[in-house]
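Q: Take a look at this one; I'll ask things after.
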Amino acid sequence: FWRLGIRTTSLSRFMGRHGGTGTVAKGCRLCNMGVAWPKALPSMPKKPHPLPSREELDSVWRYEPHTGEFFWKISPSYRIKAGSMAGAITSYGYVAITYNGTLYKAHRLAWRIFHGEDPGTQEVDHINRIRSDNRIKNLRLATRQQQSFNTKTRTDNKTGRKGVEFRAKYLEKPYYAIATEKGKKIILGTFSSFEEALVVREEYEQRKHGEFGSF
């Protein structure tokens with residue numbers, strides 16, 4: 001469905017009118033395209049599955065490290081031909097691939113194929129925070145805590161930079177450098193200019209979180 005430009009969220013919504021039985025619904029654009037509906041959507045596992053060996057994965061997919069895309073070397077079903085692109089984008093934004101009845105996150109498969117090691121209990125972090133970007137240069141191993149540091153700027157942030165807030169009622173020093181430690185918000189300082197607050201916030205990120213800090 002991803003190859004048709006359909007996200008799994010849209011798939012879930014449309015499945016309601018099909019009763020989840022794979023039947024054809026009158027007037028459905030996808031049914032008219034000849035798309036067969038599945039009986040149920042697979043869900044992402046809460047804990048990562050142990051990955052097959054590098055040799056097995058390499059025999060099933062061709063991974064392109066410069067683009068992050070996967071292509072089937074085999075034909076896992078009569079609907080999927082060898083050479084076609086593998087994977088679908090989940091409602092969480094990750095690319096996932098089903099193999100032998102198990103749903104795997106593509107970024108973990110990429111790490112296994114390219115580096116030869118199973119990430120195990122570690123996370124595979126997307127450096128640029130785009131979850132569907134599985135280029136090998138965009139992936140790194142991280143703990144769950146380290147991954148939590150690498151988050152996007154809140155949509156309600158008026159400055160456009162994480163950890164720098166603008167509070168108009170404080171005329172002399174309206175820019176606040178903010179951080180969160182152990183669930184509590186702390187003020188690193190108040191400043192008359194955005195640039196001053198940004199410098200302090202970036203120094204804090206670098207000092208506390210190193211390469212996992214996000215600015």
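Every chain in the structure tokens takes a letter, A first, then B, and so on in the order presented; its residues are numbered from 1, and the ligands are numbered from 1 following the presented order.
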Give me the residues within 8 Å of stretch 57-66 of chain A as a PyMOL selection string, counting only C-alpha atoms and dropping any in the same chain fewer than 4 places off.
A: chain A and resi 52-53+70-74+109-110+113-114+134-137
Q: Could you write those residues out with N, CA, C and O atoms, as a compact mmCIF listing (two decimals), in the first residue's frame?
A:
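Dumped everything to result00.txt:
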```txt
# COMPACT_ATOMS: atom_id res chain seq x y z
N PRO A 52 17.18 -12.14 12.04
CA PRO A 52 17.85 -13.27 11.38
C PRO A 52 19.31 -12.94 11.11
O PRO A 52 19.75 -11.79 11.23
N SER A 53 20.07 -13.94 10.70
CA SER A 53 21.49 -13.73 10.44
C SER A 53 21.68 -12.76 9.27
O SER A 53 20.78 -12.56 8.43
N PHE A 70 14.97 -0.75 0.41
CA PHE A 70 15.11 -2.21 0.35
C PHE A 70 14.40 -2.74 -0.89
O PHE A 70 13.33 -2.26 -1.25
N PHE A 71 15.00 -3.75 -1.50
CA PHE A 71 14.39 -4.39 -2.66
C PHE A 71 14.43 -5.91 -2.45
O PHE A 71 15.42 -6.45 -1.96
N TRP A 72 13.35 -6.56 -2.83
CA TRP A 72 13.27 -8.01 -2.67
C TRP A 72 14.19 -8.73 -3.65
O TRP A 72 14.19 -8.42 -4.84
N LYS A 73 14.96 -9.67 -3.14
CA LYS A 73 15.74 -10.57 -4.00
C LYS A 73 14.94 -11.81 -4.33
O LYS A 73 15.28 -12.54 -5.26
N ILE A 74 13.92 -12.06 -3.54
CA ILE A 74 13.06 -13.22 -3.74
C ILE A 74 11.64 -12.73 -4.00
O ILE A 74 11.36 -11.53 -3.91
N LEU A 109 16.91 -3.61 10.36
CA LEU A 109 17.42 -4.51 9.33
C LEU A 109 18.62 -3.90 8.62
O LEU A 109 19.60 -4.59 8.32
N ALA A 110 18.54 -2.60 8.34
CA ALA A 110 19.64 -1.92 7.66
C ALA A 110 20.92 -2.01 8.47
O ALA A 110 22.01 -2.26 7.94
N ILE A 113 22.28 -5.64 8.28
CA ILE A 113 22.85 -6.00 6.98
C ILE A 113 24.18 -5.28 6.75
O ILE A 113 25.16 -5.88 6.30
N PHE A 114 24.22 -3.98 7.07
CA PHE A 114 25.41 -3.19 6.76
C PHE A 114 26.55 -3.45 7.75
O PHE A 114 27.70 -3.62 7.34
N ASN A 134 16.26 5.86 6.03
CA ASN A 134 17.09 4.76 6.51
C ASN A 134 18.43 4.66 5.81
O ASN A 134 19.01 3.57 5.71
N ARG A 135 18.94 5.79 5.32
CA ARG A 135 20.31 5.79 4.80
C ARG A 135 21.25 5.46 5.96
O ARG A 135 21.05 5.90 7.08
N ILE A 136 22.27 4.69 5.67
CA ILE A 136 23.13 4.21 6.75
C ILE A 136 23.82 5.36 7.46
O ILE A 136 24.07 5.28 8.68
N LYS A 137 24.12 6.45 6.76
CA LYS A 137 24.78 7.58 7.42
C LYS A 137 23.83 8.33 8.35
O LYS A 137 24.28 9.17 9.15
```
Q: Per DSSP on the backbone, what are the strand (DSSP E or B) residues of stretch 37-165 of chain A, as a VMD selection string?
A: chain A and resid 61 to 64 69 to 72 77 80 85 to 86 88 to 89 95 to 99 102 to 105 123 to 126 139 to 142 164 to 165
Q: Would you please work out which residue, of A:His107, A:Lys182, A:Lys173, A:Lys47, is nearest to A:Thr121 when using only C-alpha atoms?
A: A:Lys47
Q: Of the residues A:Pro119, A:Gly87, A:Gly101, A:Pro76, which is the one nearest to A:Pro48, using only C-alpha atoms?
A: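 Residue with the minimum atom-to-atom distance to A:Pro48: A:Pro119.
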Q: I'd like the contact shell of A:Ser193 - 12 Å cut-off, only C-alpha atoms, skipping same-chain residues fewer than 4 positions apart - returned as a list of chain:residue names.
A: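 In the requested form, the answer reads A:Thr159, A:Val164, A:Glu165, A:Phe166, A:Arg167, A:Leu171, A:Glu172, A:Lys173, A:Pro174, A:Tyr175, A:Tyr176, A:Ala177, A:Gly189, A:Ala197, A:Leu198, A:Val199, A:Val200.
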Q: Using N, CA, C and O atoms, can you write the selected residues to a file as a short mmCIF file (atom, residue, chain, number, x, y, z; two decimals), in the first residue's frame?
A:
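For reference, result-v5.cif as written:
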```
data_model
loop_
_atom_site.label_atom_id
_atom_site.label_comp_id
_atom_site.auth_asym_id
_atom_site.auth_seq_id
_atom_site.Cartn_x
_atom_site.Cartn_y
_atom_site.Cartn_z
N THR A 159 10.03 30.57 18.61
CA THR A 159 11.36 30.92 18.10
C THR A 159 11.84 29.98 17.01
O THR A 159 12.76 30.30 16.26
N VAL A 164 14.54 27.32 23.33
CA VAL A 164 14.57 28.78 23.40
C VAL A 164 13.13 29.28 23.28
O VAL A 164 12.47 29.04 22.27
N GLU A 165 12.65 29.95 24.33
CA GLU A 165 11.29 30.45 24.35
C GLU A 165 11.26 31.97 24.34
O GLU A 165 12.18 32.62 24.86
N PHE A 166 10.19 32.52 23.76
CA PHE A 166 10.00 33.97 23.74
C PHE A 166 8.78 34.31 24.58
O PHE A 166 7.69 33.80 24.36
N ARG A 167 8.99 35.15 25.59
CA ARG A 167 7.92 35.56 26.48
C ARG A 167 7.79 37.08 26.41
O ARG A 167 8.55 37.82 27.01
N LEU A 171 9.86 42.50 28.84
CA LEU A 171 10.37 43.35 27.77
C LEU A 171 11.90 43.40 27.72
O LEU A 171 12.49 43.41 26.65
N GLU A 172 12.55 43.45 28.86
CA GLU A 172 14.00 43.62 28.87
C GLU A 172 14.71 42.33 28.45
O GLU A 172 15.68 42.39 27.68
N LYS A 173 14.25 41.22 28.97
CA LYS A 173 14.88 39.93 28.64
C LYS A 173 13.80 38.90 28.30
O LYS A 173 13.47 38.03 29.12
N PRO A 174 13.26 38.99 27.08
CA PRO A 174 12.14 38.12 26.73
C PRO A 174 12.53 36.72 26.27
O PRO A 174 11.67 35.86 26.11
N TYR A 175 13.83 36.49 26.03
CA TYR A 175 14.25 35.18 25.52
C TYR A 175 14.77 34.30 26.65
O TYR A 175 15.67 34.69 27.40
N TYR A 176 14.17 33.12 26.77
CA TYR A 176 14.51 32.19 27.82
C TYR A 176 15.19 30.96 27.23
O TYR A 176 14.71 30.38 26.26
N ALA A 177 16.33 30.59 27.83
CA ALA A 177 16.99 29.32 27.48
C ALA A 177 16.46 28.28 28.47
O ALA A 177 16.64 28.42 29.68
N GLY A 189 18.79 30.61 31.72
CA GLY A 189 19.07 32.03 31.73
C GLY A 189 18.04 32.81 30.93
O GLY A 189 17.30 32.23 30.13
N ALA A 197 20.46 33.58 23.92
CA ALA A 197 19.77 32.43 24.50
C ALA A 197 20.12 31.15 23.75
O ALA A 197 20.30 30.08 24.36
N LEU A 198 20.23 31.24 22.43
CA LEU A 198 20.54 30.07 21.62
C LEU A 198 21.93 29.53 21.93
O LEU A 198 22.12 28.30 22.03
N VAL A 199 22.90 30.40 22.10
CA VAL A 199 24.26 29.98 22.41
C VAL A 199 24.29 29.20 23.72
O VAL A 199 24.90 28.12 23.82
N VAL A 200 23.62 29.71 24.73
CA VAL A 200 23.60 29.06 26.04
C VAL A 200 22.91 27.70 25.95
O VAL A 200 23.38 26.70 26.51
#
```
Q: For each of A:Ile89, A:Glu55, A:Tyr204, A:Ile187, take the minimum atom-to-atom distance to A:Glu117, counting only C-alpha atoms, then give the residue where this is smallest.
A: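 The answer is A:Glu55, which sits nearest to A:Glu117.
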Q: Could you check which of A:Arg201, A:Lys185, A:Lys105, A:Arg112 is closest to A:Arg131, using only C-alpha atoms?
A: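 When distances to A:Arg131 are compared using only C-alpha atoms, the smallest one comes from A:Lys105.
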Q: Out of stretch 30-214 of chain A, which residues get alpha helix (DSSP H) from DSSP, as a PyMOL selection string?
A: chain A and resi 30-32+54-60+106-115+144-149+194-209
Q: Please indicate the distance in Å from atom CA of A:Arg129 to atom CA of A:Phe194, rounded to one decimal place.
A: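 Distance reported for this atom pair: 24.0 Å.
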Q: Using Å and a single decimal, report how far atom CA of A:Met85 sits from atom CA of A:Asn128.
A: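 Spanning atom CA of A:Asn128 to atom CA of A:Met85 is a straight-line distance of 23.0 Å.
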Q: Between atom CA of A:Glu181 and atom CA of A:Lys169, what is the spacing in Å?
A: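 Separating atom CA of A:Lys169 from atom CA of A:Glu181 is a distance of 25.6 Å.
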Q: Counting only C-alpha atoms, figure out which residue out of A:Val124, A:Gly83, A:Ile130, A:His49 gets nearest to A:Leu103.
A: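 Among the listed residues, the smallest separation from A:Leu103 belongs to A:His49.
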Q: Using only C-alpha atoms, determine which residues lie at most 9 Å from A:Arg140, disregarding the query and same-chain residues fewer than 2 positions distant; provide the list as a PyMOL selection string.
A: chain A and resi 111+123-127+136-138+142
Q: Generate a file of the selected residues that holds C-alpha atoms, formatted as a CSV table (one decimal), in the first residue's frame.
A:
```csv
chain,number,residue,atom,x,y,z
A,111,TRP,CA,22.0,-1.9,10.6
A,123,GLU,CA,17.8,1.6,19.7
A,124,VAL,CA,18.8,2.5,16.1
A,125,ASP,CA,18.4,6.3,16.1
A,126,HIS,CA,17.6,8.4,13.1
A,127,ILE,CA,20.1,11.3,13.3
A,136,ILE,CA,23.1,4.2,6.7
A,137,LYS,CA,24.8,7.6,7.4
A,138,ASN,CA,21.6,8.7,9.1
A,142,ALA,CA,21.7,4.7,21.1
```
